[in-house]
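One structure is given below, encoded as structure tokens.
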Amino acid sequence: MRGIPKFKYHQPTTLEEACKLGLDLGEKARFLAGGTELLVDLNEGRDRADHLIALQKIPGLDAISLDEEFLVIGAMTTLADIYRSETVRRFLPALCTAISNLGSEQIRNQGTIGGNFCGAVPCADTPPVCIAA
């Protein structure tokens, strides 16, 4: 049995602070969004991090809005929140369909769209829909 190795946990409260930590810590750090991929990878030894930079306390990263021409979805928005969003259903229903087929309800409640993009796993369901849009 492996287990998640020890790491230093950082909780920045601004995007600037998170970016600075990422630059300063470099390859020794990973950004933590929902954790549904990263924590499993750390536990199984497929990834390693001496530092986790948690993004949960940065305001505004979990918002869904319309910006003149674009649907804007913050990286920390959970897949469940996107699925339930009337705005997303109206302007990008294919994304809701993709999310409805993604993992279990628990994964959708915890997982974020940013993590789904940044994990770069071949089975990620949201990037193709967003790229096509």
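By order in the structure tokens, chains are A, B, ...; within a chain, residues start at 1; ligands start at 1, following the order shown.
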
Residues near A:Ile107, cut-off 10 Å, only C-alpha atoms, skip fewer than 4 positions along chain, as an NGL selection string: :A and (34-37 or 78-80 or 102-103 or 111-112)

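Distances from A:Gly26, A:Gly45, A:Gly115, A:Pro93 to A:Cys130 were compared using only C-alpha atoms, and the smallest one belongs to A:Pro93.
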
Neighbouring residues of A:Ala94 were defined as those with any atom within 12 Å, considering only C-alpha atoms; residues of the same chain fewer than 5 positions away were excluded. Please report them as a count of residues only. 16

When DSSP works through the backbone of this structure, what residues of chain A end up as alpha helix (DSSP H), shown as a PyMOL selection string? chain A and resi 15-25+38-44+79-84+86-91+93-100+105-110+113-118+126-132

Quick one: everything within 12 Å of A:Gly60, counting only C-alpha atoms, minus sequence neighbours fewer than 4 positions away in the same chain. Send it as an MDAnalysis selection string. chainID A and resid 13:15 55:56 64:65 72:77

Selection export as an mmCIF file, in the first residue's frame, atoms kept: C-alpha atoms:
data_model
loop_
_atom_site.group_PDB
_atom_site.id
_atom_site.type_symbol
_atom_site.label_atom_id
_atom_site.label_comp_id
_atom_site.auth_asym_id
_atom_site.auth_seq_id
_atom_site.Cartn_x
_atom_site.Cartn_y
_atom_site.Cartn_z
ATOM 1 C CA THR A 13 -5.911 33.862 -1.071
ATOM 2 C CA THR A 14 -5.095 35.719 -4.297
ATOM 3 C CA LEU A 15 -4.311 34.611 -7.804
ATOM 4 C CA LEU A 55 -6.765 27.140 -5.001
ATOM 5 C CA GLN A 56 -10.031 26.903 -3.025
ATOM 6 C CA ILE A 64 -19.843 31.302 -14.402
ATOM 7 C CA SER A 65 -20.663 34.447 -16.375
ATOM 8 C CA VAL A 72 -16.634 32.407 -18.959
ATOM 9 C CA ILE A 73 -16.224 29.482 -16.552
ATOM 10 C CA GLY A 74 -13.710 29.813 -13.731
ATOM 11 C CA ALA A 75 -11.160 27.042 -13.294
ATOM 12 C CA MET A 76 -12.417 26.156 -9.786
ATOM 13 C CA THR A 77 -16.031 25.738 -10.889
#

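Counting from atom CA of A:Pro5, the distance to atom CA of A:Asp24 is 20.8 Å.
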
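Distances from A:Ile4, A:Ala54, A:Leu38, A:Leu92 to A:Ala120 were compared using only C-alpha atoms, and the smallest one belongs to A:Leu38.
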
I'd like the interatomic distance between atom CA of A:Phe117 and atom CA of A:Ala98, to a tenth of an Å. 13.4 Å
